[in-house]
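Asks: Dropping a structure here in structure tokens format, bear with me for questions.
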Amino acid sequence: MTSTAGGAGQLLAISDLHIGYAENRALVEEMRPGSDEDWLLVAGDVSEIVSDIRWALKTLASRFAKVVWVPGNHELWTHPKDPVTARGVARYEHLVTLCRELGVVTPEDPYPIWEGPGGPVAVAPLFLLYDYSWLPAGCVTKAQGLEYAHGTGIVCNDEYLLHPDPYPSREAWCRARIAETERRLAALPEDLPTVLVNHYPLHRHPTDILWHPEFAMWCGTTATADWHRRFRVETMVYGHLHIPRTTWHEDVRFEEVSVGYPREWRKRQQPPGRLRRILPKEVEAG
């Protein structure tokens, strides 16, 4: 763990910036902290192109006291338009090296401690992937789930672009990530609350409102269903679903902080690119 900054800053969050869209890139250009002590959690899907990822994280790191990043599935794609052709673990390690050059915290670094208002909490960036255990109703195996998804036409591009090398499968990579992350979280002091940051929700309940419920297969794992209790979670921060909202499960706050695609955010009443405040907690009016 590392010690923090902080006395009067905010712990802010955003995800799914997708800056391949000019409108979304413009949102990043306008993002600013409220004070010199603000931290920013970036919960994945900045872009699928490494040069874009570098630009966005460098821009944000120059403005915020600390930036914490976790990979989304898009960062892990080996995209035909990206000159960086690394796959799987090698691609992830390339991105970790990039972040360290920029001073951005990754899931491979010591967990920083937020000691601002609402702290202290350990801010734990996670990289866990998924293992196809959130199956569609009536399916009991991955093969059945994928057959059903292909029948509906709703299949994640990860099947074609997110390679698990050198692991034999994405679920094998997921199992390895879960084992290592579980070990690190269990080593935290037992009296220290946490803010867990992952691209995917740790519990399945946020996927219940998906228009295409079969997409949940690419959204998480049953292996983390109790982590919000086990690891004293103050707030679980995630993205991926492009459904920005707050939910509660067993008295734990789950914050989906996506920007999403322009075609999605144009329909919303809230202005796009709004940074979500994680700490200190926002007090509801009334």
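In the structure tokens, the first chain shown is A, the next is B, and so on; residue numbers restart at 1 for each chain, and ligands run from 1 in the order shown.
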Quick one: residues within 10 Å of Leu188 in chain A, only C-alpha atoms, excluding same-chain residues fewer than 3 positions away - as a tab-separated table (two decimals) with N, CA and C atoms, in the first residue's frame?
Replies:
```tsv
chain	number	residue	atom	x	y	z
A	1	MET	N	0.85	-1.20	0.00
A	1	MET	CA	0.00	0.00	0.00
A	1	MET	C	0.88	1.24	0.00
A	111	TYR	N	-1.87	-0.75	-3.45
A	111	TYR	CA	-3.15	-0.04	-3.35
A	111	TYR	C	-2.96	1.28	-2.62
A	122	ALA	N	-8.79	1.96	1.41
A	122	ALA	CA	-7.87	1.44	0.40
A	122	ALA	C	-8.58	1.47	-0.94
A	183	ARG	N	-5.91	-12.89	-2.92
A	183	ARG	CA	-4.79	-12.94	-1.96
A	183	ARG	C	-4.40	-11.54	-1.51
A	184	ARG	N	-4.31	-10.61	-2.45
A	184	ARG	CA	-3.89	-9.25	-2.10
A	184	ARG	C	-4.94	-8.54	-1.26
A	185	LEU	N	-6.21	-8.70	-1.59
A	185	LEU	CA	-7.26	-8.05	-0.81
A	185	LEU	C	-7.33	-8.62	0.60
A	191	ASP	N	-9.46	-3.76	9.54
A	191	ASP	CA	-10.29	-2.63	9.92
A	191	ASP	C	-10.30	-1.53	8.86
A	192	LEU	N	-9.74	-1.81	7.68
A	192	LEU	CA	-9.63	-0.79	6.63
A	192	LEU	C	-10.70	-1.01	5.57
A	193	PRO	N	-11.64	-0.05	5.41
A	193	PRO	CA	-12.63	-0.16	4.34
A	193	PRO	C	-11.95	-0.05	2.97
A	194	THR	N	-12.69	-0.44	1.93
A	194	THR	CA	-12.14	-0.41	0.58
A	194	THR	C	-13.10	0.25	-0.40
A	231	PHE	N	-14.64	-7.98	1.80
A	231	PHE	CA	-13.54	-7.02	1.78
A	231	PHE	C	-13.98	-5.61	2.16
```
Asks: Could you give me the residues within range 66-100 of chain A that DSSP places in alpha helix (DSSP H), as a CSV table (one decimal) with N, CA and C atoms, in the first residue's frame?
Replies:
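Output contents, as saved in part-v3.csv:
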```
chain,number,residue,atom,x,y,z
A,73,ASN,N,-12.4,-4.4,-21.4
A,73,ASN,CA,-12.2,-5.3,-22.5
A,73,ASN,C,-11.7,-4.7,-23.7
A,74,HIS,N,-12.1,-3.4,-24.0
A,74,HIS,CA,-11.6,-2.7,-25.2
A,74,HIS,C,-10.1,-2.5,-25.2
A,75,GLU,N,-9.5,-2.2,-24.0
A,75,GLU,CA,-8.1,-2.0,-24.0
A,75,GLU,C,-7.3,-3.3,-24.3
A,76,LEU,N,-8.0,-4.4,-24.0
A,76,LEU,CA,-7.3,-5.7,-24.1
A,76,LEU,C,-7.5,-6.3,-25.5
A,88,GLY,N,-3.2,-10.7,-25.3
A,88,GLY,CA,-3.3,-11.3,-24.0
A,88,GLY,C,-2.5,-10.6,-22.9
A,89,VAL,N,-1.8,-11.4,-22.2
A,89,VAL,CA,-1.0,-10.9,-21.0
A,89,VAL,C,0.0,-9.9,-21.5
A,90,ALA,N,0.7,-10.2,-22.6
A,90,ALA,CA,1.7,-9.3,-23.1
A,90,ALA,C,1.1,-7.9,-23.4
A,91,ARG,N,-0.1,-7.8,-23.9
A,91,ARG,CA,-0.8,-6.5,-24.2
A,91,ARG,C,-1.1,-5.8,-22.8
A,92,TYR,N,-1.6,-6.6,-21.9
A,92,TYR,CA,-1.9,-6.0,-20.6
A,92,TYR,C,-0.6,-5.4,-19.9
A,93,GLU,N,0.5,-6.2,-20.0
A,93,GLU,CA,1.7,-5.8,-19.4
A,93,GLU,C,2.3,-4.5,-20.1
A,94,HIS,N,2.0,-4.4,-21.4
A,94,HIS,CA,2.4,-3.2,-22.2
A,94,HIS,C,1.7,-2.0,-21.6
A,95,LEU,N,0.4,-2.2,-21.4
A,95,LEU,CA,-0.4,-1.1,-20.9
A,95,LEU,C,0.0,-0.7,-19.4
A,96,VAL,N,0.3,-1.7,-18.6
A,96,VAL,CA,0.8,-1.4,-17.3
A,96,VAL,C,2.1,-0.6,-17.3
A,97,THR,N,3.0,-0.9,-18.2
A,97,THR,CA,4.3,-0.2,-18.4
A,97,THR,C,4.0,1.2,-18.8
A,98,LEU,N,3.1,1.4,-19.7
A,98,LEU,CA,2.7,2.7,-20.2
A,98,LEU,C,2.1,3.6,-19.0
A,99,CYS,N,1.3,3.0,-18.2
A,99,CYS,CA,0.7,3.7,-17.1
A,99,CYS,C,1.8,4.1,-16.1
A,100,ARG,N,2.7,3.2,-15.8
A,100,ARG,CA,3.8,3.6,-14.9
A,100,ARG,C,4.6,4.7,-15.4
```
Asks: So what do you get for CA of Trp77 in chain A versus CA of Leu162 in chain A, distance-wise?
Replies: 4.5 Å
Asks: For the structure I just gave you, how does DSSP split range 24-169 of chain A - specifically, which residues are strand (DSSP E)? Reply as a ChimeraX atom specification.
Replies: /A:39-42,66-69,113-114,121-125
Asks: Can you work out which one of A:Leu161, A:Ala65, A:Val259, A:Met31 has the shortest atom-to-atom distance to Gln10 in chain A, counting only C-alpha atoms?
Replies: A:Ala65
Asks: Measuring atom to atom with only C-alpha atoms, identify which of A:Pro201, A:Gly103, A:Pro120, A:Pro189 is nearest to Ser62 in chain A.
Replies: A:Gly103
Asks: Measure the distance from CA of Lys58 in chain A to CA of Ser15 in chain A in Å and round it to one decimal.
Replies: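 About the pair CA of Lys58 in chain A and CA of Ser15 in chain A: they are 15.6 Å apart.
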Asks: Excluding Asp38 in chain A and residues on its chain fewer than 2 positions from it, collect all residues at most 7 Å away from it, counting only C-alpha atoms, and give them as a tab-separated table (two decimals) with all heavy atoms, in the first residue's frame.
Replies:
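Listed below is the output, result_30.tsv:
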```tsv
chain	number	residue	atom	x	y	z
A	9	GLY	N	-9.82	17.01	-0.85
A	9	GLY	CA	-10.15	16.65	-2.22
A	9	GLY	C	-11.34	15.71	-2.32
A	9	GLY	O	-11.97	15.34	-1.34
A	10	GLN	N	-11.65	15.34	-3.57
A	10	GLN	CA	-12.71	14.39	-3.85
A	10	GLN	C	-12.11	13.16	-4.53
A	10	GLN	O	-11.11	13.26	-5.24
A	10	GLN	CB	-13.74	15.00	-4.80
A	10	GLN	CG	-14.45	16.22	-4.27
A	10	GLN	CD	-15.41	16.77	-5.31
A	10	GLN	OE1	-16.60	16.49	-5.29
A	10	GLN	NE2	-14.90	17.55	-6.25
A	11	LEU	N	-12.76	12.02	-4.32
A	11	LEU	CA	-12.45	10.80	-5.04
A	11	LEU	C	-13.52	10.67	-6.12
A	11	LEU	O	-14.69	10.44	-5.81
A	11	LEU	CB	-12.47	9.60	-4.09
A	11	LEU	CG	-12.04	8.25	-4.65
A	11	LEU	CD1	-10.61	8.28	-5.16
A	11	LEU	CD2	-12.20	7.16	-3.59
A	33	PRO	N	-10.40	18.61	-12.52
A	33	PRO	CA	-10.72	18.37	-11.10
A	33	PRO	C	-11.36	19.61	-10.49
A	33	PRO	O	-11.26	20.72	-11.03
A	33	PRO	CB	-9.35	18.09	-10.49
A	33	PRO	CG	-8.40	18.86	-11.35
A	33	PRO	CD	-8.96	18.80	-12.75
A	34	GLY	N	-12.02	19.40	-9.34
A	34	GLY	CA	-12.56	20.54	-8.60
A	34	GLY	C	-11.52	21.20	-7.72
A	34	GLY	O	-11.66	22.36	-7.35
A	35	SER	N	-10.46	20.45	-7.39
A	35	SER	CA	-9.37	20.98	-6.59
A	35	SER	C	-8.09	20.25	-6.94
A	35	SER	O	-8.12	19.20	-7.60
A	35	SER	CB	-9.67	20.83	-5.09
A	35	SER	OG	-9.37	19.51	-4.65
A	36	ASP	N	-6.96	20.77	-6.46
A	36	ASP	CA	-5.67	20.15	-6.75
A	36	ASP	C	-5.50	18.80	-6.05
A	36	ASP	O	-4.54	18.08	-6.33
A	36	ASP	CB	-4.53	21.08	-6.32
A	36	ASP	CG	-4.44	22.33	-7.17
A	36	ASP	OD1	-5.00	22.31	-8.30
A	36	ASP	OD2	-3.83	23.31	-6.73
A	40	LEU	N	-8.84	10.66	-9.58
A	40	LEU	CA	-9.78	10.16	-10.59
A	40	LEU	C	-9.57	8.67	-10.80
A	40	LEU	O	-8.46	8.21	-11.07
A	40	LEU	CB	-9.59	10.90	-11.92
A	40	LEU	CG	-10.57	10.49	-13.04
A	40	LEU	CD1	-12.01	10.80	-12.64
A	40	LEU	CD2	-10.19	11.17	-14.35
A	64	PHE	N	-5.11	15.71	-12.46
A	64	PHE	CA	-5.58	15.18	-11.19
A	64	PHE	C	-4.40	14.78	-10.31
A	64	PHE	O	-3.34	14.39	-10.81
A	64	PHE	CB	-6.50	13.98	-11.42
A	64	PHE	CG	-7.82	14.34	-12.03
A	64	PHE	CD1	-7.96	14.54	-13.39
A	64	PHE	CD2	-8.94	14.53	-11.22
A	64	PHE	CE1	-9.17	14.90	-13.95
A	64	PHE	CE2	-10.15	14.88	-11.76
A	64	PHE	CZ	-10.27	15.07	-13.13
A	65	ALA	N	-4.59	14.86	-9.00
A	65	ALA	CA	-3.52	14.52	-8.06
A	65	ALA	C	-3.09	13.07	-8.23
A	65	ALA	O	-1.91	12.74	-8.08
A	65	ALA	CB	-3.99	14.77	-6.63
```
Asks: With a distance cut-off of 7 Å and only C-alpha atoms, select the neighbouring residues of Leu17 in chain A, excluding the residue or stretch itself and same-chain residues fewer than 2 positions from it, and output the selection as a PyMOL selection string.
Replies: chain A and resi 15+19+24+45-46+259-260
